[in-house]
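*Asks:* Before anything else, here's the structure in question.
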Amino acid sequence: MESCVQALLSEIAAVPGAEIFGRVRSIRGLLVEIAGPVSAMCVGSRVRISEALHGGVTCEVVGFRDGRALALPFGPLEGVRMGAKAVVQRAAPVIRPSNAWLGRVVNALGQPIDGKGPLTHGPDSYPLRASPPPAHRRTRVGAPVDLGVRALNSFITCCKGQRMGIFSGSGVGKSILLSMLARYTRCDVSVIGLIGERGREVKEFIEDNLGDDGLARSVVVVATSDEAALMRRQAAHLTMTLSEYFRDRGQDVLCMIDSVTRFAMAQREIGLAGGEPPTTKGYTPTVFSELPRLLERAGPGTGKGSITGLFTVLVEGDDLNEPISDAVRAILDGHIVMERSIAERGRYPAINVLKSVSRTMPDCISEEHRPLVKRARQLMATYSDMEELIRLGAYRQGSNPEVDEAIRYQPMLEAFLSQGKNEQTSIEDGYAELARILSTSESQSEKSEGTES
C-alpha cells in the first residue's frame, strides 16, 4: 500500500502546473524587458523565450524597472521578436553532481561538452549560488599542501583550506603554472574553472597541460570569451558548487579559477546592462560585493573536507594596485606575484618571491626550515636592492661584504626557483636542495677566505 501511495505522489508531483508567462516588450543591446506577471518573478529567476533563431534562449532576471522585468540572456538573442512569449521557470537553478563527473568537461549550465555522453546525476541538489559556511563553524586551515613547485613550497607555503591569488599580466606564464599545480598538487580532487578563456587554449590546456592523469581526478568547467556574461559568471559559481560537493564528502579539493578578473568583467557587464552606475574604472558596486561572496565559499568546511583555492588575477597593465587586484588581495589569504621582467630573462615560473606572501606560512613551517627560508630571502632581498647597479657595472666588488655574498648566491638561487613544467619537487626535497645550496656556498666562502689569509 505504501509503495502505491509513493508512486501516486510521484505522479502528482510530475503533473505540470499552470504556465506563467510574460511578453517581450523591448530589447536594448542585451537587456530584455519583459511585461506580464512581474510579481511571479524575482531577481535570479529564469525565463525561457521560445521564439528565437536557435530554438529558444534562457534569460535571468537581473532587476525591475517601470513595472517590467529586466533580463539578460545566456545565449544569442537573434530571432527574438516583439511580443515573444517568455515563460517563467519555477524551479531554482540547481545541479545534481556525482563522482561520475570526474574526468569530464562541462559548460556553465552543467552540460557535458567533451563528447563522452550524458552525465550521471546524483541524488542531492546543490544551489549554484550557495552561501559560505558560517565562520564560527568552520575548521582551521590544515597542514601544508605539497604543490609540487619548489618556489611555492619553499617560500610561499600553502595550507589545506587556504585561498591564494596568482597575480599576473597577460603572457607571463600563469596558465602553465596552473597546469603544474593541477597535475602535481597532492589532493583528492581538482575542480578547474576556465572563465573567459580563448577557445583555442581550452583543448590545449586539457590535453597538453592537464593530461590524462590530471583529467582523471578533475572536473573542468569551461566558459569561453565569446559566451554571454551570464555564462561566464555562472561558470565561476558552478566551479565553486562542484568543489563544495566533493568537500562535503570529506575530500580535500583543489579549486582553481582562471580568472577572477574575467568573472569581475562579466559582473560589470551585467551590472551596467541593468542600469548600475559605474564607479572605480567602470566597475559597478555589485562587482565588489560579488567577489567576496564567490571567494569566501572556498576554504575549510565544517567537517573533514576542505577547499584549497587558487585564483588567478589578470592585472591590467601589470599594475598590482588596480581595483580588482586590490579587492581580491584583501579577501584572500595570500598572493603569488608573477612578473614580466622575470619571464623576459628566461626564468619560469616567473614568480617574484619577495613580493609574494602566504599568510598561513608562519604558523605551518617547521622550526628547522625557518632559518633556511629567512637566510635565502635576505640574500635575494640584498641582491634585489643592488640589482640595477650590478647590471650597470656601477658596483665594485669588495665594497660591501653582504652584497658580495648575495652576488655569489644569486645564480644558484635563480636555478632553484626555475622549474620545468614537467618537473615535480616535493616540499621536503625542496628544503633539502635549498639547504644544500646554502651550505655549499658557505663552505666555498670559508675556503676562499682561508686561502686569502
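Naming scheme: A, B, ... for chains in displayed order of the C-alpha cells; residues 1 onward per chain; ligands 1 onward as shown.
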Could you pull out the residues in range 249-432 of chain A that DSSP calls helix (DSSP H, G or I) from the backbone, as a ChimeraX atom specification?
*Replies:* /A:260-273,280-282,285-295,316-318,323-331,340-344,353-355,361-364,370-392,401-417,427-432
*Asks:* Let me see the file: selected residues, C-alpha atoms, as a short mmCIF file (atom, residue, chain, number, x, y, z; two decimals), in the first residue's frame.
*Replies:*
data_model
loop_
_atom_site.label_atom_id
_atom_site.label_comp_id
_atom_site.auth_asym_id
_atom_site.auth_seq_id
_atom_site.Cartn_x
_atom_site.Cartn_y
_atom_site.Cartn_z
CA VAL A 260 38.71 36.05 -11.26
CA THR A 261 39.26 39.20 -13.32
CA ARG A 262 37.10 37.85 -16.15
CA PHE A 263 34.42 36.95 -13.60
CA ALA A 264 34.53 40.57 -12.42
CA MET A 265 34.31 41.82 -16.01
CA ALA A 266 31.26 39.63 -16.62
CA GLN A 267 29.61 41.00 -13.48
CA ARG A 268 30.44 44.52 -14.66
CA GLU A 269 28.67 43.86 -17.98
CA ILE A 270 25.63 42.54 -16.12
CA GLY A 271 25.56 45.49 -13.74
CA LEU A 272 25.93 48.11 -16.47
CA ALA A 273 23.20 46.47 -18.56
CA THR A 280 36.10 52.66 -9.99
CA LYS A 281 37.43 52.23 -13.55
CA GLY A 282 33.95 51.40 -14.77
CA PRO A 285 29.24 48.28 -6.98
CA THR A 286 27.94 44.71 -7.31
CA VAL A 287 31.35 43.59 -8.60
CA PHE A 288 32.90 44.32 -5.21
CA SER A 289 30.03 42.66 -3.34
CA GLU A 290 30.03 39.54 -5.56
CA LEU A 291 33.78 38.92 -5.26
CA PRO A 292 33.75 38.04 -1.53
CA ARG A 293 30.54 36.03 -1.96
CA LEU A 294 32.34 33.87 -4.51
CA LEU A 295 35.78 33.62 -2.92
CA GLU A 316 45.68 45.34 -16.03
CA GLY A 317 48.85 46.88 -17.42
CA ASP A 318 50.93 44.90 -14.87
CA PRO A 323 40.78 47.83 -8.41
CA ILE A 324 40.19 44.09 -8.89
CA SER A 325 43.70 43.13 -7.77
CA ASP A 326 43.35 45.32 -4.70
CA ALA A 327 39.94 43.90 -3.80
CA VAL A 328 40.94 40.25 -4.30
CA ARG A 329 44.20 40.65 -2.39
CA ALA A 330 42.25 41.96 0.60
CA ILE A 331 39.93 38.91 0.58
CA ARG A 340 57.04 40.09 -16.77
CA SER A 341 60.65 41.20 -16.17
CA ILE A 342 61.48 37.79 -14.66
CA ALA A 343 59.85 35.96 -17.58
CA GLU A 344 61.78 38.15 -20.05
CA VAL A 353 59.25 35.51 -4.20
CA LEU A 354 59.95 38.80 -2.41
CA LYS A 355 56.59 40.30 -3.41
CA MET A 361 53.09 30.16 6.31
CA PRO A 362 54.46 31.48 9.65
CA ASP A 363 52.27 29.01 11.56
CA CYS A 364 52.80 25.95 9.35
CA ARG A 370 62.72 28.72 9.20
CA PRO A 371 66.44 29.70 9.16
CA LEU A 372 66.79 28.41 5.58
CA VAL A 373 63.89 30.46 4.29
CA LYS A 374 64.94 33.57 6.21
CA ARG A 375 68.52 33.32 5.01
CA ALA A 376 67.56 32.80 1.36
CA ARG A 377 65.10 35.71 1.47
CA GLN A 378 67.72 38.01 2.95
CA LEU A 379 70.17 37.14 0.18
CA MET A 380 67.58 37.69 -2.55
CA ALA A 381 66.47 40.98 -0.99
CA THR A 382 70.05 42.24 -0.78
CA TYR A 383 70.67 41.39 -4.43
CA SER A 384 67.35 42.96 -5.48
CA ASP A 385 68.25 46.25 -3.76
CA MET A 386 71.55 46.49 -5.68
CA GLU A 387 70.46 44.77 -8.90
CA GLU A 388 70.42 47.87 -11.09
CA LEU A 389 73.89 48.96 -10.00
CA ILE A 390 75.23 45.44 -10.52
CA ARG A 391 73.79 45.17 -14.02
CA LEU A 392 75.13 48.60 -14.98
CA PRO A 401 80.55 42.05 2.04
CA GLU A 402 76.79 41.40 2.20
CA VAL A 403 76.31 42.38 -1.44
CA ASP A 404 79.30 40.28 -2.48
CA GLU A 405 77.76 37.32 -0.71
CA ALA A 406 74.36 37.90 -2.38
CA ILE A 407 76.04 38.05 -5.81
CA ARG A 408 77.75 34.73 -5.13
CA TYR A 409 74.49 33.04 -4.16
CA GLN A 410 72.33 34.57 -6.90
CA PRO A 411 72.97 32.06 -9.76
CA MET A 412 72.23 29.08 -7.51
CA LEU A 413 69.05 30.64 -6.10
CA GLU A 414 67.86 31.56 -9.59
CA ALA A 415 68.38 27.95 -10.68
CA PHE A 416 66.47 26.77 -7.60
CA LEU A 417 63.49 29.00 -8.42
CA ILE A 427 58.27 20.05 -0.04
CA GLU A 428 60.99 18.04 1.68
CA ASP A 429 63.09 17.72 -1.46
CA GLY A 430 62.83 21.48 -1.98
CA TYR A 431 64.07 22.30 1.51
CA ALA A 432 66.86 19.73 1.18
#
*Asks:* So that I can see what lies close to range 178-184 of chain A, please list as a PyMOL selection string the residues with an atom at most 10 Å from it, counting only C-alpha atoms and leaving out residues fewer than 6 positions away in the same chain.
*Replies:* chain A and resi 146-149+166+190-192+205-206+208-215+217-218+254-258+310-312+349+420-426
*Asks:* Those same residues - N, CA and C atoms - I'd like them written as a tab-separated table (two decimals), in the first residue's frame.
*Replies:*
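Below you can see again-v2.tsv, which holds the result:
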chain	number	residue	atom	x	y	z
A	146	ASP	N	51.38	20.02	-0.53
A	146	ASP	CA	52.51	19.90	-1.46
A	146	ASP	C	52.01	20.27	-2.85
A	147	LEU	N	52.45	21.44	-3.35
A	147	LEU	CA	52.03	21.94	-4.65
A	147	LEU	C	52.91	21.43	-5.79
A	148	GLY	N	54.05	20.83	-5.46
A	148	GLY	CA	54.93	20.30	-6.48
A	148	GLY	C	55.82	21.32	-7.16
A	149	VAL	N	55.74	22.59	-6.75
A	149	VAL	CA	56.54	23.67	-7.33
A	149	VAL	C	57.48	24.19	-6.26
A	166	ILE	N	46.91	34.28	-7.69
A	166	ILE	CA	48.08	34.30	-8.58
A	166	ILE	C	47.93	35.54	-9.46
A	190	SER	N	40.47	17.79	-8.15
A	190	SER	CA	40.70	19.14	-8.67
A	190	SER	C	39.45	19.59	-9.44
A	191	VAL	N	39.00	20.80	-9.17
A	191	VAL	CA	37.91	21.40	-9.93
A	191	VAL	C	38.47	22.68	-10.55
A	192	ILE	N	38.46	22.73	-11.88
A	192	ILE	CA	39.13	23.81	-12.60
A	192	ILE	C	38.09	24.59	-13.40
A	205	PHE	N	44.93	23.19	-23.03
A	205	PHE	CA	45.11	23.05	-21.59
A	205	PHE	C	44.72	21.65	-21.13
A	206	ILE	N	43.61	21.15	-21.63
A	206	ILE	CA	43.11	19.84	-21.18
A	206	ILE	C	44.01	18.71	-21.65
A	208	ASP	N	47.26	18.89	-23.36
A	208	ASP	CA	48.71	19.02	-23.23
A	208	ASP	C	49.15	19.33	-21.80
A	209	ASN	N	48.49	20.31	-21.19
A	209	ASN	CA	48.93	20.75	-19.87
A	209	ASN	C	48.39	19.87	-18.75
A	210	LEU	N	47.09	19.56	-18.80
A	210	LEU	CA	46.49	18.75	-17.74
A	210	LEU	C	46.81	17.28	-17.93
A	211	GLY	N	46.64	16.78	-19.15
A	211	GLY	CA	46.96	15.38	-19.44
A	211	GLY	C	45.90	14.42	-18.94
A	212	ASP	N	46.03	13.16	-19.34
A	212	ASP	CA	45.03	12.15	-18.96
A	212	ASP	C	45.02	11.90	-17.46
A	213	ASP	N	46.20	11.86	-16.84
A	213	ASP	CA	46.26	11.60	-15.40
A	213	ASP	C	45.64	12.73	-14.60
A	214	GLY	N	45.93	13.97	-15.00
A	214	GLY	CA	45.35	15.11	-14.30
A	214	GLY	C	43.85	15.21	-14.50
A	215	LEU	N	43.38	14.91	-15.72
A	215	LEU	CA	41.95	15.00	-16.00
A	215	LEU	C	41.18	13.92	-15.26
A	217	ARG	N	41.25	12.93	-12.32
A	217	ARG	CA	40.82	13.31	-10.96
A	217	ARG	C	40.26	14.74	-10.93
A	218	SER	N	39.86	15.24	-12.09
A	218	SER	CA	39.42	16.63	-12.19
A	218	SER	C	38.05	16.74	-12.86
A	254	LEU	N	41.16	20.79	-4.58
A	254	LEU	CA	41.91	21.92	-5.13
A	254	LEU	C	41.00	22.61	-6.14
A	255	CYS	N	40.59	23.85	-5.83
A	255	CYS	CA	39.72	24.62	-6.71
A	255	CYS	C	40.54	25.72	-7.36
A	256	MET	N	40.55	25.72	-8.70
A	256	MET	CA	41.30	26.73	-9.44
A	256	MET	C	40.37	27.45	-10.40
A	257	ILE	N	40.41	28.77	-10.38
A	257	ILE	CA	39.61	29.58	-11.30
A	257	ILE	C	40.55	30.50	-12.06
A	258	ASP	N	40.46	30.44	-13.38
A	258	ASP	CA	41.27	31.27	-14.26
A	258	ASP	C	40.32	32.00	-15.23
A	310	LEU	N	42.95	28.38	-5.50
A	310	LEU	CA	44.00	29.11	-6.22
A	310	LEU	C	43.32	29.87	-7.35
A	311	PHE	N	43.32	31.20	-7.27
A	311	PHE	CA	42.57	32.04	-8.20
A	311	PHE	C	43.52	32.98	-8.92
A	312	THR	N	43.50	32.95	-10.23
A	312	THR	CA	44.36	33.85	-10.98
A	312	THR	C	43.69	35.21	-11.14
A	349	PRO	N	58.84	29.11	-13.41
A	349	PRO	CA	57.78	30.11	-13.39
A	349	PRO	C	58.29	31.45	-12.88
A	420	GLY	N	61.03	23.35	-14.77
A	420	GLY	CA	60.32	22.98	-15.98
A	420	GLY	C	58.92	22.50	-15.70
A	421	LYS	N	58.03	22.61	-16.70
A	421	LYS	CA	56.63	22.26	-16.47
A	421	LYS	C	56.42	20.77	-16.29
A	422	ASN	N	57.38	19.95	-16.68
A	422	ASN	CA	57.28	18.51	-16.49
A	422	ASN	C	58.10	18.03	-15.29
A	423	GLU	N	58.54	18.97	-14.47
A	423	GLU	CA	59.38	18.64	-13.32
A	423	GLU	C	58.57	18.85	-12.04
A	424	GLN	N	58.65	17.90	-11.11
A	424	GLN	CA	57.92	17.97	-9.85
A	424	GLN	C	58.89	17.86	-8.69
A	425	THR	N	58.69	18.70	-7.67
A	425	THR	CA	59.55	18.68	-6.49
A	425	THR	C	58.67	18.73	-5.24
A	426	SER	N	58.90	17.82	-4.32
A	426	SER	CA	58.12	17.79	-3.09
A	426	SER	C	58.62	18.85	-2.12
*Asks:* Excluding same-chain residues fewer than 2 positions from range 19-22 of chain A, what lies within 7 Å of it counting only C-alpha atoms, as a list in words?
*Replies:* Gly17, Val24, Ile34, Ala35, Gly36, Pro37, Lys85, Ala86, Val87 and Val88 of chain A
*Asks:* Would you write out those residues with N, CA and C atoms, as an mmCIF file, in the first residue's frame?
*Replies:*
data_model
loop_
_atom_site.group_PDB
_atom_site.id
_atom_site.type_symbol
_atom_site.label_atom_id
_atom_site.label_comp_id
_atom_site.auth_asym_id
_atom_site.auth_seq_id
_atom_site.Cartn_x
_atom_site.Cartn_y
_atom_site.Cartn_z
ATOM 1 N N GLY A 17 2.218 22.357 -13.546
ATOM 2 C CA GLY A 17 1.253 23.344 -13.062
ATOM 3 C C GLY A 17 0.893 24.326 -14.152
ATOM 4 N N VAL A 24 7.820 39.790 -24.367
ATOM 5 C CA VAL A 24 8.950 40.686 -24.601
ATOM 6 C C VAL A 24 8.425 42.025 -25.098
ATOM 7 N N ILE A 34 10.629 42.508 -20.047
ATOM 8 C CA ILE A 34 9.505 41.573 -20.115
ATOM 9 C C ILE A 34 8.345 42.125 -19.302
ATOM 10 N N ALA A 35 7.197 42.252 -19.935
ATOM 11 C CA ALA A 35 5.969 42.699 -19.264
ATOM 12 C C ALA A 35 5.096 41.486 -18.972
ATOM 13 N N GLY A 36 4.265 41.606 -17.954
ATOM 14 C CA GLY A 36 3.381 40.490 -17.604
ATOM 15 C C GLY A 36 3.352 40.286 -16.105
ATOM 16 N N PRO A 37 3.300 39.033 -15.669
ATOM 17 C CA PRO A 37 3.199 38.718 -14.239
ATOM 18 C C PRO A 37 4.528 38.939 -13.514
ATOM 19 N N LYS A 85 6.883 35.144 -26.427
ATOM 20 C CA LYS A 85 6.451 34.551 -25.161
ATOM 21 C C LYS A 85 7.668 34.252 -24.276
ATOM 22 N N ALA A 86 7.598 34.679 -23.007
ATOM 23 C CA ALA A 86 8.676 34.463 -22.045
ATOM 24 C C ALA A 86 8.099 33.690 -20.865
ATOM 25 N N VAL A 87 8.368 32.387 -20.829
ATOM 26 C CA VAL A 87 7.792 31.505 -19.816
ATOM 27 C C VAL A 87 8.653 31.536 -18.558
ATOM 28 N N VAL A 88 8.016 31.766 -17.420
ATOM 29 C CA VAL A 88 8.726 31.809 -16.138
ATOM 30 C C VAL A 88 8.987 30.377 -15.677
#
*Asks:* Can you list every residue of range 170-216 of chain A that has an atom at most 6 Å from range 221-243 of chain A, with its nearest atom pair and the distance in Å to one decimal, using only C-alpha atoms, ordered by chain then number, as a Markdown table?
*Replies:*
| residue | atom | partner | partner_atom | distance |
| --- | --- | --- | --- | --- |
| A:Gly193 | CA | A:Val221 | CA | 4.7 |
| A:Leu194 | CA | A:Val222 | CA | 4.9 |
| A:Ile195 | CA | A:Ala223 | CA | 5.2 |
| A:Gly196 | CA | A:Ser225 | CA | 3.9 |
| A:Glu197 | CA | A:Thr224 | CA | 4.7 |
| A:Arg198 | CA | A:Thr224 | CA | 5.9 |
| A:Gly199 | CA | A:Thr224 | CA | 5.7 |
*Asks:* Could you save those same residues with N, CA and C atoms as a PDB file, in the first residue's frame?
*Replies:*
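The resulting file, result22.pdb, is reproduced below:
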ATOM      1  N   GLY A 193      38.015  25.885 -13.168  1.00  0.00           N
ATOM      2  CA  GLY A 193      37.117  26.752 -13.910  1.00  0.00           C
ATOM      3  C   GLY A 193      37.890  27.638 -14.866  1.00  0.00           C
ATOM      4  N   LEU A 194      37.649  27.476 -16.163  1.00  0.00           N
ATOM      5  CA  LEU A 194      38.287  28.314 -17.188  1.00  0.00           C
ATOM      6  C   LEU A 194      37.264  29.361 -17.602  1.00  0.00           C
ATOM      7  N   ILE A 195      37.400  30.561 -17.064  1.00  0.00           N
ATOM      8  CA  ILE A 195      36.405  31.619 -17.229  1.00  0.00           C
ATOM      9  C   ILE A 195      36.906  32.637 -18.252  1.00  0.00           C
ATOM     10  N   GLY A 196      36.168  32.793 -19.354  1.00  0.00           N
ATOM     11  CA  GLY A 196      36.557  33.765 -20.364  1.00  0.00           C
ATOM     12  C   GLY A 196      37.815  33.396 -21.112  1.00  0.00           C
ATOM     13  N   GLU A 197      38.127  32.103 -21.189  1.00  0.00           N
ATOM     14  CA  GLU A 197      39.345  31.656 -21.871  1.00  0.00           C
ATOM     15  C   GLU A 197      39.196  31.769 -23.389  1.00  0.00           C
ATOM     16  N   ARG A 198      40.342  31.861 -24.063  1.00  0.00           N
ATOM     17  CA  ARG A 198      40.331  31.753 -25.523  1.00  0.00           C
ATOM     18  C   ARG A 198      39.919  30.336 -25.896  1.00  0.00           C
ATOM     19  N   GLY A 199      39.060  30.222 -26.896  1.00  0.00           N
ATOM     20  CA  GLY A 199      38.590  28.906 -27.299  1.00  0.00           C
ATOM     21  C   GLY A 199      39.704  27.989 -27.735  1.00  0.00           C
TER      22      GLY A 199
END
*Asks:* Between A:Ala69, A:Val357, A:Leu438, A:Val315, which residue has the minimum interatomic distance to Ser168 in chain A, considering only C-alpha atoms?
*Replies:*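 Of the candidates, the smallest distance to Ser168 in chain A is held by A:Val315.
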*Asks:* Give me, as a count of residues only, all polymer residues having an atom no more than 9 Å from Ile95 in chain A, counting only C-alpha atoms and skipping those fewer than 4 positions away in the same chain.
*Replies:* 12
*Asks:* Just asking: which residues within range 52-138 of chain A are strand (DSSP E or B) according to DSSP, as a VMD selection string?
*Replies:* chain A and resid 57 to 65 68 to 73 85 to 89 94 to 95 104 to 106 112 126 to 127
